[in-house]
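Written out below as structure tokens is the structure these notes cover.
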Amino acid sequence: MSEREASHNVMELMICAAARLLEDRCTVAVGTGAPCAATMLAQRTHAPNLTIFFEAGGIAPILPEMPISVGDSRTFYRGVMASGMCDIMETCQRGLVDYTFLGGAQIDMYGNLNSTVIGDHSSPRVRLPGSGGANDFASFCWRTLVITPQDKRRFVPRLDFVTTPGYLTGGRSREEAGLPEGTGPYRVITNMAIMDFEESSRRMRIVSVHPGYSVEDVRAACGFELLAVNEVGSTPPPTGHELSILREEVDPHRYIIGRA
Amino acid sequence: MQNGSIEILGRGTGEIFASIDPDEARAYFRAKDKSLRNKVMYVREAVKRFVHDGDYVGIGGFGTNRIPTAVCHEIVRQKRKNLGFLGHTSTHDFQILAAGEVFDRCDVGYVVGLEARGLSPQARRYLESGKVRITENTNYTLSMRIKAASMGVPFILSRNLMGTDTFAKSASMLVRCPFTGKKLVAHPAIYPDVAAIHVHESDVHGNARIHGITISDLDLARAAKRLIITTERLIQESEIRRDPAATDIPYYLVDAVCEVPFGSYPGCMPGEYFSDEDHLREWLEAEKDPETLRSFLDRHIHSLDSFSRYLDLCGGIRRIRELRRKELLFRRQEDEDE
């Protein structure tokens with residue numbers, strides 16, 4: 001398969017786009033699913049010296065396959081240490097962890113996330129799992145990456161519940177609330193585009209659109225007004241090399257990439 | 001900044017469900033029998049003696065990993081009620097206890113979901129029914145609240161939660177640091193009345209070893225007033241004394257030692273066997289309809305007198321052997337050679 005003609009599905013594109021954001025030698029707190037696939041792909045391509053943390057205590061595993069749980073035995077397989085949750089979270093709180101990956105049932109224009117309830121908290125329409133480690137990671141890690149499908153139901157003007165902090169109400173509100181300086185959402189990777197956050201308003205902004213989508217398409221699938229950079233780029237598609245690593249080594253059973 | 005005082009800047013509206021008083025805990029621990037003695041008993045007896053209606057309960061492990069499944073089943077089988085529950089990364093354990101409707105208040109860190117496997121329909125119904133009072137936390141918040149108790153103090157500080165509804169519905173307070181003036185969040189300790197932890201090895205006194213990640217269990221063992229250990233296997237005291245650095249939980253914390261081989265099933269046990277994803281799917285499927293769930297619980301818990309019967313029902317040693325091969329990353333070919 002040539003570099004140019006590699007055909008791919010949207011999940012593969014999202015995973016490759018996320019993987020490229022992780023520099024070599026960086027530290028990443030990950031969960032399972034697409035974030036784990038992106039991290040494994042980065043480690044097997046441009047970032048062999050990346051360090052992986054799992055919230056239950058796994059440190060720097062050499063992942064033999066995709067974990068099913070963030071606490072299963074794969075998460076410390078041939079790792080350097082099998083630790084515990086306080087150690088991992090406090091490593092993040094001390095500022096040693098560069099990236100984390102999160103998702104949620106709802107996201108707003110400041111990158112705040114809801115994974116607690118749909119509807120009212122006291123009598124919810126849907127009770128969801130709650131924060132888990134998301135609020136912790138988003139508070140402590142330097143840069144939060146979000147991988148999520150995009151539609152108006154998910155990209156909402158107002159969250160039913162702010163489980164996990166993004167830039168809260170924009171501007172300096174995150175820092176004023178007391179969260180560590182210099183932290184916050186960094187990129188949002190959807191099935192249609194990649195977004196960042198404008199420096200002063202901290203509002204979500206389109207940086208690049210994936211092949212086949214226009215800025216108008218992306219805005220139409222969003223429940224709030226999306227900013228856009230002056231020259232919106234086109235997300236480079238996965239290379240043949242990335243796809244073969246992803247398909248043959250990272251997710252041979254297509255647990256994640258088969259979901260697209 | 002006010003010297004010498006901690007200024008309170010805000011507080012969550014969530015309830016505190018368990019005692020946070022370190023002196024009450026000190027008095028309890030002073031009176032506790034800390035002698036080196038044989039504590040081996042059946043799970044049935046351990047739950048009968050140490051888990052009471054109304055208790056605040058913590059379950060060790062991580063949802064589908066190194067969980068004391070037999071204790072969760074027994075709590076349901078003995079129909080405990082009005083428990084408080086530490087919902088710290090609680091997935092299959094939560095599913096079992098929610099199916100038995102044994103608790104009426106819950107500290108939520110992560111519940112209802114089974115990670116990528118989806119949401120538990122019964123756990124959702126139970127929490128959406130209004131029968132359970134909820135205080136929101138995060139996983140780390142609950143780890144810290146247990147850690148505070150294990151330290152013997154009433155609260156602990158961190159820099160998470162700020163600015164969110166998770167804080168608003170928590171039992172925590174926003175405070176100003178008397179040294180730096182920075183905002184911090186103070187979380188009240190949790191001293192569980194009872195906790196159950198599954199381990200790889202324990203001697204008859206409760207000196208216990210965990211292989212692999214410990215999650216929050218070292219602190220949970222120390223914070224809980226009563227502690228039930230279930231162990232894959234009993235080992236001799238001489239083995240513990242040969243390598244004291246390997247001990248994770250010392251005997252004087254422990255009230256009951258129950259030997260439960262394959263006791264984390266259908267969860268994963270590091271180095272021993274992987275999670276049974278097919279059986280976990282059966283649970284989720286059975287939960288969709290309350291009637292089906294009732295007969296599923298009858299078949300898998302109420303009609304059985306022990307956890308080993310449950311293992312037999314789920315495929316017994318043959319199934320465990322498959323899960324062991326999966327855990328140890330044996331190739332399929334080797335499975336078929338047997």
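A note on labels: chains of the structure tokens are A, B, ... as shown, every chain counts residues from 1, and ligands are counted from 1 in their shown order.
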Q | Test item: residues at most 8 Å from Ala116 of chain B, only C-alpha atoms, excluding those fewer than 4 positions along its chain, as an NGL selection string | A | :A and (32-33 or 68-69)
Select from chain A every residue with an atom at most 9 Å from any atom of chain B, then for each give the shortest pair of atoms and their distance in Å to one decimal, using only C-alpha atoms, rows by chain and rising number, as CSV.
```
residue,atom,partner,partner_atom,distance
A:Thr32,CA,B:Ala116,CA,7.4
A:Gly33,CA,B:Ala116,CA,7.2
A:Glu55,CA,B:Ile215,CA,8.1
A:Ala56,CA,B:Ile215,CA,4.9
A:Gly57,CA,B:Ile213,CA,5.3
A:Gly58,CA,B:Ile213,CA,6.5
A:Pro64,CA,B:Leu329,CA,8.5
A:Ile68,CA,B:Ala116,CA,7.1
A:Ser69,CA,B:Glu115,CA,6.5
A:Val70,CA,B:Glu115,CA,8.3
A:Gly71,CA,B:Phe62,CA,6.0
A:Asp72,CA,B:Asn65,CA,5.9
A:Ser73,CA,B:Pro270,CA,5.1
A:Arg74,CA,B:Glu327,CA,8.6
A:Phe76,CA,B:Gly212,CA,7.6
A:Met81,CA,B:Ile213,CA,8.2
A:Ala82,CA,B:Ile213,CA,4.4
A:Ser83,CA,B:Ile213,CA,5.0
A:Gly84,CA,B:Ile215,CA,4.1
A:Met85,CA,B:Ile215,CA,4.9
A:Cys86,CA,B:Ser143,CA,6.4
A:Met89,CA,B:Tyr140,CA,6.6
A:Glu90,CA,B:Tyr140,CA,9.0
A:Gln93,CA,B:Arg159,CA,7.4
A:Asn112,CA,B:Thr164,CA,8.8
A:Thr116,CA,B:Thr166,CA,8.4
A:His121,CA,B:Lys169,CA,8.8
A:Ser122,CA,B:Gly130,CA,7.8
A:Ser123,CA,B:Glu128,CA,6.4
A:Pro124,CA,B:Glu128,CA,6.1
A:Arg125,CA,B:Glu128,CA,7.3
A:Val126,CA,B:Glu128,CA,7.1
A:Arg127,CA,B:Arg124,CA,5.8
A:Leu128,CA,B:Val112,CA,6.6
A:Pro129,CA,B:Val111,CA,4.8
A:Gly130,CA,B:Tyr110,CA,5.3
A:Ser131,CA,B:Thr138,CA,5.2
A:Gly132,CA,B:Tyr110,CA,4.4
A:Gly133,CA,B:Asn139,CA,5.1
A:Ala134,CA,B:Thr138,CA,7.6
A:Asn135,CA,B:Leu161,CA,6.3
A:Asp136,CA,B:Asn160,CA,5.4
A:Phe137,CA,B:Asn160,CA,8.4
A:Ala138,CA,B:Asn160,CA,8.3
A:Ser139,CA,B:Asn160,CA,5.3
A:Phe140,CA,B:Asn160,CA,7.1
A:Phe161,CA,B:Asp165,CA,6.0
A:Val162,CA,B:Asp165,CA,4.9
A:Thr163,CA,B:Thr166,CA,5.2
A:Thr164,CA,B:Thr164,CA,6.5
A:Pro165,CA,B:Thr164,CA,6.1
A:Leu168,CA,B:Gly163,CA,6.8
A:Ser173,CA,B:Gly163,CA,8.4
A:Arg174,CA,B:Gly163,CA,7.2
A:Glu176,CA,B:Gly163,CA,8.8
A:Ala177,CA,B:Gly163,CA,5.4
A:Gly178,CA,B:Lys183,CA,5.1
A:Leu179,CA,B:Met162,CA,6.4
A:Pro180,CA,B:Arg159,CA,7.5
```
Q: Would you please give, as a VMD selection string, all residues of segment 15-253 of chain A that DSSP assigns to strand (DSSP E) based on the backbone?
A: chain A and resid 27 to 30 51 to 54 58 to 59 81 to 82 99 to 102 106 to 107 113 to 114 117 to 119 124 to 127 143 to 147 184 to 189 193 to 197 204 to 209 227 to 234
I need the chosen residues saved as a short mmCIF file (atom, residue, chain, number, x, y, z; two decimals), in the first residue's frame, with C-alpha atoms.
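That gives us again-v8.cif:
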```cif
data_model
loop_
_atom_site.label_atom_id
_atom_site.label_comp_id
_atom_site.auth_asym_id
_atom_site.auth_seq_id
_atom_site.Cartn_x
_atom_site.Cartn_y
_atom_site.Cartn_z
CA THR A 27 4.74 11.31 29.55
CA VAL A 28 1.09 10.28 29.05
CA ALA A 29 -1.70 9.19 31.39
CA VAL A 30 -4.06 7.02 29.34
CA THR A 51 6.26 6.91 29.14
CA ILE A 52 2.79 5.52 29.83
CA PHE A 53 0.89 5.76 33.12
CA PHE A 54 -2.36 3.98 34.01
CA GLY A 58 0.74 0.60 35.90
CA ILE A 59 3.93 2.47 34.94
CA MET A 81 6.70 -0.54 38.37
CA ALA A 82 3.35 -1.81 39.59
CA TYR A 99 -0.63 14.59 28.41
CA THR A 100 -3.85 12.88 29.27
CA PHE A 101 -6.69 11.64 27.07
CA LEU A 102 -10.34 12.06 28.04
CA GLN A 106 -21.05 16.02 26.60
CA ILE A 107 -18.43 18.71 25.91
CA LEU A 113 -16.72 17.48 30.09
CA ASN A 114 -19.74 15.67 31.52
CA VAL A 117 -25.55 12.54 34.58
CA ILE A 118 -27.87 13.44 31.71
CA GLY A 119 -30.65 15.54 33.20
CA PRO A 124 -31.18 12.02 36.39
CA ARG A 125 -32.54 10.78 33.09
CA VAL A 126 -29.33 8.79 32.70
CA ARG A 127 -26.90 8.06 35.51
CA ARG A 143 -2.33 19.10 28.35
CA THR A 144 -5.68 17.34 28.01
CA LEU A 145 -6.51 15.69 24.70
CA VAL A 146 -10.10 14.76 23.93
CA ILE A 147 -11.03 12.13 21.35
CA GLY A 184 -6.02 22.67 30.34
CA PRO A 185 -7.52 21.20 27.18
CA TYR A 186 -5.07 21.20 24.29
CA ARG A 187 -6.76 19.56 21.31
CA VAL A 188 -10.14 18.01 20.58
CA ILE A 189 -10.03 15.33 17.89
CA ALA A 193 -11.91 17.95 12.60
CA ILE A 194 -9.20 18.91 15.05
CA MET A 195 -9.89 21.83 17.39
CA ASP A 196 -7.72 23.86 19.77
CA PHE A 197 -8.67 26.69 22.18
CA MET A 204 -12.91 25.96 21.01
CA ARG A 205 -11.53 26.69 17.55
CA ILE A 206 -11.23 24.63 14.37
CA VAL A 207 -7.59 24.07 13.39
CA SER A 208 -7.97 21.51 10.63
CA VAL A 209 -10.76 19.56 8.98
CA LEU A 227 -14.31 29.62 16.16
CA ALA A 228 -11.88 28.84 13.34
CA VAL A 229 -8.25 29.81 12.75
CA ASN A 230 -7.63 32.09 9.77
CA GLU A 231 -6.37 29.36 7.54
CA VAL A 232 -8.00 26.12 8.48
CA GLY A 233 -5.77 23.24 7.46
CA SER A 234 -6.57 19.81 6.15
#
```
Q) What lies within 6 Å of segment 13-17 of chain A using only C-alpha atoms, ignoring chain neighbours under 2 positions off, as a PyMOL selection string? A) chain A and resi 10-11+19-20+38+238
Filtering to N, CA and C atoms, could you give me those residues as a compact mmCIF listing (two decimals), in the first residue's frame?
```txt
# COMPACT_ATOMS: atom_id res chain seq x y z
N VAL A 10 -12.65 6.35 9.74
CA VAL A 10 -12.54 7.58 10.51
C VAL A 10 -11.88 7.33 11.88
N MET A 11 -12.11 6.15 12.46
CA MET A 11 -11.48 5.85 13.74
C MET A 11 -9.97 5.77 13.58
N ALA A 19 -2.14 10.30 17.83
CA ALA A 19 -0.78 9.77 18.05
C ALA A 19 0.26 10.81 17.67
N ARG A 20 0.01 11.54 16.59
CA ARG A 20 1.01 12.50 16.11
C ARG A 20 1.22 13.66 17.08
N ALA A 38 -3.88 5.17 20.34
CA ALA A 38 -3.07 6.30 19.85
C ALA A 38 -1.70 6.30 20.52
N PRO A 238 -3.88 9.21 7.46
CA PRO A 238 -2.88 8.27 7.97
C PRO A 238 -1.96 7.80 6.84
```
Q) Could you name the residues that touch segment 301-311 of chain B at 12 Å or less, counting only C-alpha atoms, but leaving out those on the same chain fewer than 2 positions away, as an MDAnalysis selection string? A) chainID B and resid 42:45 68:79 96:97 99:100 230 258:266 276 279 293:299 313:320
Next, the residues of the selection above should be written as a compact mmCIF listing (two decimals), in the first residue's frame with C-alpha atoms.
```
# COMPACT_ATOMS: atom_id res chain seq x y z
CA TYR B 42 -15.52 -19.50 55.48
CA VAL B 43 -16.69 -16.41 53.59
CA ARG B 44 -20.17 -17.11 54.92
CA GLU B 45 -18.99 -16.74 58.50
CA PRO B 68 -13.23 -10.25 46.36
CA THR B 69 -16.18 -11.57 44.34
CA ALA B 70 -17.11 -14.22 46.93
CA VAL B 71 -17.64 -11.52 49.58
CA CYS B 72 -19.82 -9.46 47.23
CA HIS B 73 -21.94 -12.54 46.47
CA GLU B 74 -22.21 -13.39 50.15
CA ILE B 75 -23.34 -9.87 51.08
CA VAL B 76 -26.13 -10.24 48.52
CA ARG B 77 -26.90 -13.83 49.58
CA GLN B 78 -27.23 -12.80 53.23
CA LYS B 79 -29.40 -9.85 52.14
CA ILE B 96 -23.31 -7.42 42.09
CA LEU B 97 -24.15 -5.19 45.06
CA ALA B 99 -28.28 -6.23 41.84
CA GLY B 100 -28.83 -7.11 45.52
CA THR B 230 -9.89 -13.47 50.60
CA CYS B 258 -10.83 -16.85 53.65
CA GLU B 259 -9.11 -19.09 51.14
CA VAL B 260 -10.98 -18.58 47.86
CA PRO B 261 -9.11 -19.97 44.86
CA PHE B 262 -9.99 -18.04 41.67
CA GLY B 263 -11.72 -15.58 43.99
CA SER B 264 -11.50 -12.61 41.62
CA TYR B 265 -13.47 -14.46 38.91
CA PRO B 266 -15.02 -13.20 36.62
CA ASP B 276 -14.10 -13.75 31.75
CA HIS B 279 -19.58 -14.11 31.58
CA LEU B 293 -32.09 -10.57 36.44
CA ARG B 294 -34.03 -12.09 39.31
CA SER B 295 -33.74 -15.60 37.91
CA PHE B 296 -30.10 -14.96 36.95
CA LEU B 297 -29.34 -14.00 40.57
CA ASP B 298 -31.24 -17.04 41.85
CA ARG B 299 -29.26 -19.29 39.58
CA LEU B 313 -21.64 -23.29 37.17
CA CYS B 314 -19.50 -20.96 35.07
CA GLY B 315 -17.37 -23.69 33.55
CA GLY B 316 -15.19 -24.72 36.49
CA ILE B 317 -11.56 -25.63 36.15
CA ARG B 318 -11.81 -25.93 32.37
CA ARG B 319 -12.89 -22.31 32.07
CA ILE B 320 -10.26 -21.16 34.57
```
If you run DSSP over the backbone, which residues in segment 61-254 of chain A end up alpha helix (DSSP H)? Put them as a PDB file with N, CA and C atoms, in the first residue's frame.
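To be explicit, this is the file written out as out17.pdb:
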```pdb
ATOM      1  N   MET A  85      -2.877   3.970  42.898  1.00  0.00           N
ATOM      2  CA  MET A  85      -3.550   5.149  42.367  1.00  0.00           C
ATOM      3  C   MET A  85      -3.004   6.460  42.927  1.00  0.00           C
ATOM      4  N   CYS A  86      -2.759   6.533  44.238  1.00  0.00           N
ATOM      5  CA  CYS A  86      -2.242   7.789  44.784  1.00  0.00           C
ATOM      6  C   CYS A  86      -0.921   8.155  44.119  1.00  0.00           C
ATOM      7  N   ASP A  87      -0.040   7.171  43.934  1.00  0.00           N
ATOM      8  CA  ASP A  87       1.260   7.456  43.320  1.00  0.00           C
ATOM      9  C   ASP A  87       1.083   8.025  41.918  1.00  0.00           C
ATOM     10  N   ILE A  88       0.207   7.425  41.131  1.00  0.00           N
ATOM     11  CA  ILE A  88       0.012   7.895  39.754  1.00  0.00           C
ATOM     12  C   ILE A  88      -0.581   9.304  39.752  1.00  0.00           C
ATOM     13  N   MET A  89      -1.643   9.503  40.524  1.00  0.00           N
ATOM     14  CA  MET A  89      -2.305  10.816  40.530  1.00  0.00           C
ATOM     15  C   MET A  89      -1.380  11.888  41.091  1.00  0.00           C
ATOM     16  N   GLU A  90      -0.567  11.531  42.071  1.00  0.00           N
ATOM     17  CA  GLU A  90       0.335  12.514  42.670  1.00  0.00           C
ATOM     18  C   GLU A  90       1.525  12.811  41.753  1.00  0.00           C
ATOM     19  N   THR A  91       1.883  11.852  40.918  1.00  0.00           N
ATOM     20  CA  THR A  91       2.890  12.109  39.885  1.00  0.00           C
ATOM     21  C   THR A  91       2.347  13.168  38.921  1.00  0.00           C
ATOM     22  N   CYS A  92       1.069  13.072  38.618  1.00  0.00           N
ATOM     23  CA  CYS A  92       0.407  14.081  37.778  1.00  0.00           C
ATOM     24  C   CYS A  92       0.329  15.415  38.528  1.00  0.00           C
ATOM     25  N   GLN A  93      -0.044  15.358  39.794  1.00  0.00           N
ATOM     26  CA  GLN A  93      -0.226  16.588  40.575  1.00  0.00           C
ATOM     27  C   GLN A  93       1.112  17.329  40.749  1.00  0.00           C
ATOM     28  N   ALA A 134     -11.080  11.168  35.621  1.00  0.00           N
ATOM     29  CA  ALA A 134     -11.040  12.230  34.609  1.00  0.00           C
ATOM     30  C   ALA A 134     -10.797  13.608  35.212  1.00  0.00           C
ATOM     31  N   ASN A 135     -11.553  13.946  36.256  1.00  0.00           N
ATOM     32  CA  ASN A 135     -11.375  15.253  36.884  1.00  0.00           C
ATOM     33  C   ASN A 135      -9.943  15.401  37.407  1.00  0.00           C
ATOM     34  N   ASP A 136      -9.394  14.333  37.955  1.00  0.00           N
ATOM     35  CA  ASP A 136      -8.037  14.362  38.497  1.00  0.00           C
ATOM     36  C   ASP A 136      -7.014  14.620  37.386  1.00  0.00           C
ATOM     37  N   PHE A 137      -7.086  13.809  36.337  1.00  0.00           N
ATOM     38  CA  PHE A 137      -6.135  13.958  35.227  1.00  0.00           C
ATOM     39  C   PHE A 137      -6.255  15.345  34.592  1.00  0.00           C
ATOM     40  N   ALA A 138      -7.495  15.795  34.362  1.00  0.00           N
ATOM     41  CA  ALA A 138      -7.689  17.094  33.698  1.00  0.00           C
ATOM     42  C   ALA A 138      -7.226  18.245  34.583  1.00  0.00           C
ATOM     43  N   SER A 139      -7.276  18.048  35.907  1.00  0.00           N
ATOM     44  CA  SER A 139      -6.804  19.096  36.808  1.00  0.00           C
ATOM     45  C   SER A 139      -5.281  19.170  36.828  1.00  0.00           C
ATOM     46  N   PHE A 140      -4.634  18.017  36.713  1.00  0.00           N
ATOM     47  CA  PHE A 140      -3.194  17.931  37.009  1.00  0.00           C
ATOM     48  C   PHE A 140      -2.282  17.855  35.791  1.00  0.00           C
ATOM     49  N   SER A 173     -10.698  31.940  33.991  1.00  0.00           N
ATOM     50  CA  SER A 173     -11.532  31.348  35.050  1.00  0.00           C
ATOM     51  C   SER A 173     -10.945  30.050  35.595  1.00  0.00           C
ATOM     52  N   ARG A 174     -10.279  29.296  34.757  1.00  0.00           N
ATOM     53  CA  ARG A 174      -9.687  28.032  35.224  1.00  0.00           C
ATOM     54  C   ARG A 174      -8.620  28.292  36.300  1.00  0.00           C
ATOM     55  N   GLU A 175      -7.739  29.248  36.007  1.00  0.00           N
ATOM     56  CA  GLU A 175      -6.681  29.564  36.964  1.00  0.00           C
ATOM     57  C   GLU A 175      -7.274  30.206  38.219  1.00  0.00           C
ATOM     58  N   GLU A 176      -8.284  31.070  38.014  1.00  0.00           N
ATOM     59  CA  GLU A 176      -8.902  31.729  39.170  1.00  0.00           C
ATOM     60  C   GLU A 176      -9.611  30.739  40.093  1.00  0.00           C
ATOM     61  N   ALA A 177     -10.123  29.668  39.517  1.00  0.00           N
ATOM     62  CA  ALA A 177     -10.766  28.640  40.354  1.00  0.00           C
ATOM     63  C   ALA A 177      -9.739  27.945  41.240  1.00  0.00           C
ATOM     64  N   VAL A 215     -15.442  23.391   6.820  1.00  0.00           N
ATOM     65  CA  VAL A 215     -15.659  24.120   8.073  1.00  0.00           C
ATOM     66  C   VAL A 215     -17.164  24.207   8.361  1.00  0.00           C
ATOM     67  N   GLU A 216     -17.970  24.401   7.308  1.00  0.00           N
ATOM     68  CA  GLU A 216     -19.423  24.494   7.495  1.00  0.00           C
ATOM     69  C   GLU A 216     -19.996  23.175   8.033  1.00  0.00           C
ATOM     70  N   ASP A 217     -19.503  22.060   7.500  1.00  0.00           N
ATOM     71  CA  ASP A 217     -19.953  20.745   7.990  1.00  0.00           C
ATOM     72  C   ASP A 217     -19.686  20.623   9.490  1.00  0.00           C
ATOM     73  N   VAL A 218     -18.474  21.020   9.873  1.00  0.00           N
ATOM     74  CA  VAL A 218     -18.060  20.867  11.267  1.00  0.00           C
ATOM     75  C   VAL A 218     -18.931  21.755  12.160  1.00  0.00           C
ATOM     76  N   ARG A 219     -19.157  22.977  11.717  1.00  0.00           N
ATOM     77  CA  ARG A 219     -19.997  23.895  12.506  1.00  0.00           C
ATOM     78  C   ARG A 219     -21.435  23.388  12.603  1.00  0.00           C
ATOM     79  N   ALA A 220     -21.910  22.763  11.533  1.00  0.00           N
ATOM     80  CA  ALA A 220     -23.299  22.275  11.528  1.00  0.00           C
ATOM     81  C   ALA A 220     -23.498  21.121  12.504  1.00  0.00           C
ATOM     82  N   GLY A 240       0.547   4.892   5.096  1.00  0.00           N
ATOM     83  CA  GLY A 240       0.513   3.436   5.005  1.00  0.00           C
ATOM     84  C   GLY A 240       1.249   2.793   6.174  1.00  0.00           C
ATOM     85  N   HIS A 241       2.351   3.419   6.586  1.00  0.00           N
ATOM     86  CA  HIS A 241       3.145   2.893   7.695  1.00  0.00           C
ATOM     87  C   HIS A 241       2.333   2.926   8.992  1.00  0.00           C
ATOM     88  N   GLU A 242       1.710   4.059   9.258  1.00  0.00           N
ATOM     89  CA  GLU A 242       0.882   4.183  10.472  1.00  0.00           C
ATOM     90  C   GLU A 242      -0.233   3.139  10.472  1.00  0.00           C
ATOM     91  N   LEU A 243      -0.883   3.005   9.307  1.00  0.00           N
ATOM     92  CA  LEU A 243      -2.010   2.068   9.234  1.00  0.00           C
ATOM     93  C   LEU A 243      -1.563   0.625   9.440  1.00  0.00           C
ATOM     94  N   SER A 244      -0.404   0.286   8.893  1.00  0.00           N
ATOM     95  CA  SER A 244       0.006  -1.110   9.059  1.00  0.00           C
ATOM     96  C   SER A 244       0.374  -1.386  10.516  1.00  0.00           C
ATOM     97  N   ILE A 245       1.030  -0.445  11.185  1.00  0.00           N
ATOM     98  CA  ILE A 245       1.347  -0.639  12.607  1.00  0.00           C
ATOM     99  C   ILE A 245       0.037  -0.745  13.411  1.00  0.00           C
TER     100      ILE A 245
END
```
Q: Considering only C-alpha atoms, return as JSON, numbers by chain whatever protein or nucleic-acid residues lie within 10 Å of Val153 of chain B, sequence-local ones (same chain, fewer than 2 positions apart) excluded.
A: {"B": [20, 21, 22, 23, 25, 145, 147, 148, 149, 150, 151, 155, 156, 188, 189, 190]}
Just to be explicit: take each residue in the selection above, keep N, CA and C atoms, and write the result as a PDB file, in the first residue's frame.
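Output (again_10.pdb):
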```pdb
ATOM      1  N   ILE B  20     -15.577  10.483  60.268  1.00  0.00           N
ATOM      2  CA  ILE B  20     -14.254  11.000  59.899  1.00  0.00           C
ATOM      3  C   ILE B  20     -13.428  11.291  61.153  1.00  0.00           C
ATOM      4  N   ASP B  21     -13.949  10.894  62.320  1.00  0.00           N
ATOM      5  CA  ASP B  21     -13.316  11.276  63.590  1.00  0.00           C
ATOM      6  C   ASP B  21     -12.124  10.355  63.914  1.00  0.00           C
ATOM      7  N   PRO B  22     -10.891  10.890  63.878  1.00  0.00           N
ATOM      8  CA  PRO B  22      -9.719  10.036  64.115  1.00  0.00           C
ATOM      9  C   PRO B  22      -9.656   9.504  65.550  1.00  0.00           C
ATOM     10  N   ASP B  23     -10.267  10.202  66.500  1.00  0.00           N
ATOM     11  CA  ASP B  23     -10.227   9.717  67.881  1.00  0.00           C
ATOM     12  C   ASP B  23     -11.188   8.556  68.091  1.00  0.00           C
ATOM     13  N   ALA B  25     -11.782   6.459  65.732  1.00  0.00           N
ATOM     14  CA  ALA B  25     -11.041   5.349  65.119  1.00  0.00           C
ATOM     15  C   ALA B  25      -9.943   4.853  66.054  1.00  0.00           C
ATOM     16  N   ARG B 145      -9.213  10.077  50.463  1.00  0.00           N
ATOM     17  CA  ARG B 145     -10.052  10.032  51.672  1.00  0.00           C
ATOM     18  C   ARG B 145      -9.737   8.777  52.487  1.00  0.00           C
ATOM     19  N   LYS B 147      -6.754   7.350  52.264  1.00  0.00           N
ATOM     20  CA  LYS B 147      -5.382   7.599  52.715  1.00  0.00           C
ATOM     21  C   LYS B 147      -5.397   8.436  54.002  1.00  0.00           C
ATOM     22  N   ALA B 148      -6.270   9.459  54.045  1.00  0.00           N
ATOM     23  CA  ALA B 148      -6.369  10.294  55.253  1.00  0.00           C
ATOM     24  C   ALA B 148      -6.688   9.420  56.455  1.00  0.00           C
ATOM     25  N   ALA B 149      -7.632   8.504  56.281  1.00  0.00           N
ATOM     26  CA  ALA B 149      -7.990   7.603  57.378  1.00  0.00           C
ATOM     27  C   ALA B 149      -6.807   6.709  57.739  1.00  0.00           C
ATOM     28  N   SER B 150      -6.090   6.236  56.734  1.00  0.00           N
ATOM     29  CA  SER B 150      -4.945   5.354  57.020  1.00  0.00           C
ATOM     30  C   SER B 150      -3.841   6.136  57.730  1.00  0.00           C
ATOM     31  N   MET B 151      -3.807   7.449  57.511  1.00  0.00           N
ATOM     32  CA  MET B 151      -2.845   8.304  58.216  1.00  0.00           C
ATOM     33  C   MET B 151      -3.308   8.615  59.644  1.00  0.00           C
ATOM     34  N   PHE B 155      -8.778  14.950  57.554  1.00  0.00           N
ATOM     35  CA  PHE B 155      -8.938  15.393  56.160  1.00  0.00           C
ATOM     36  C   PHE B 155      -7.593  15.436  55.449  1.00  0.00           C
ATOM     37  N   ILE B 156      -7.670  15.648  54.126  1.00  0.00           N
ATOM     38  CA  ILE B 156      -6.467  15.637  53.289  1.00  0.00           C
ATOM     39  C   ILE B 156      -6.673  16.645  52.166  1.00  0.00           C
ATOM     40  N   PRO B 188     -12.750  15.115  53.364  1.00  0.00           N
ATOM     41  CA  PRO B 188     -12.880  14.409  54.648  1.00  0.00           C
ATOM     42  C   PRO B 188     -12.440  12.944  54.541  1.00  0.00           C
ATOM     43  N   ALA B 189     -11.842  12.455  55.610  1.00  0.00           N
ATOM     44  CA  ALA B 189     -11.401  11.056  55.643  1.00  0.00           C
ATOM     45  C   ALA B 189     -12.601  10.113  55.535  1.00  0.00           C
ATOM     46  N   ILE B 190     -12.333   8.878  55.142  1.00  0.00           N
ATOM     47  CA  ILE B 190     -13.348   7.812  55.221  1.00  0.00           C
ATOM     48  C   ILE B 190     -12.738   6.647  55.997  1.00  0.00           C
TER      49      ILE B 190
END
```
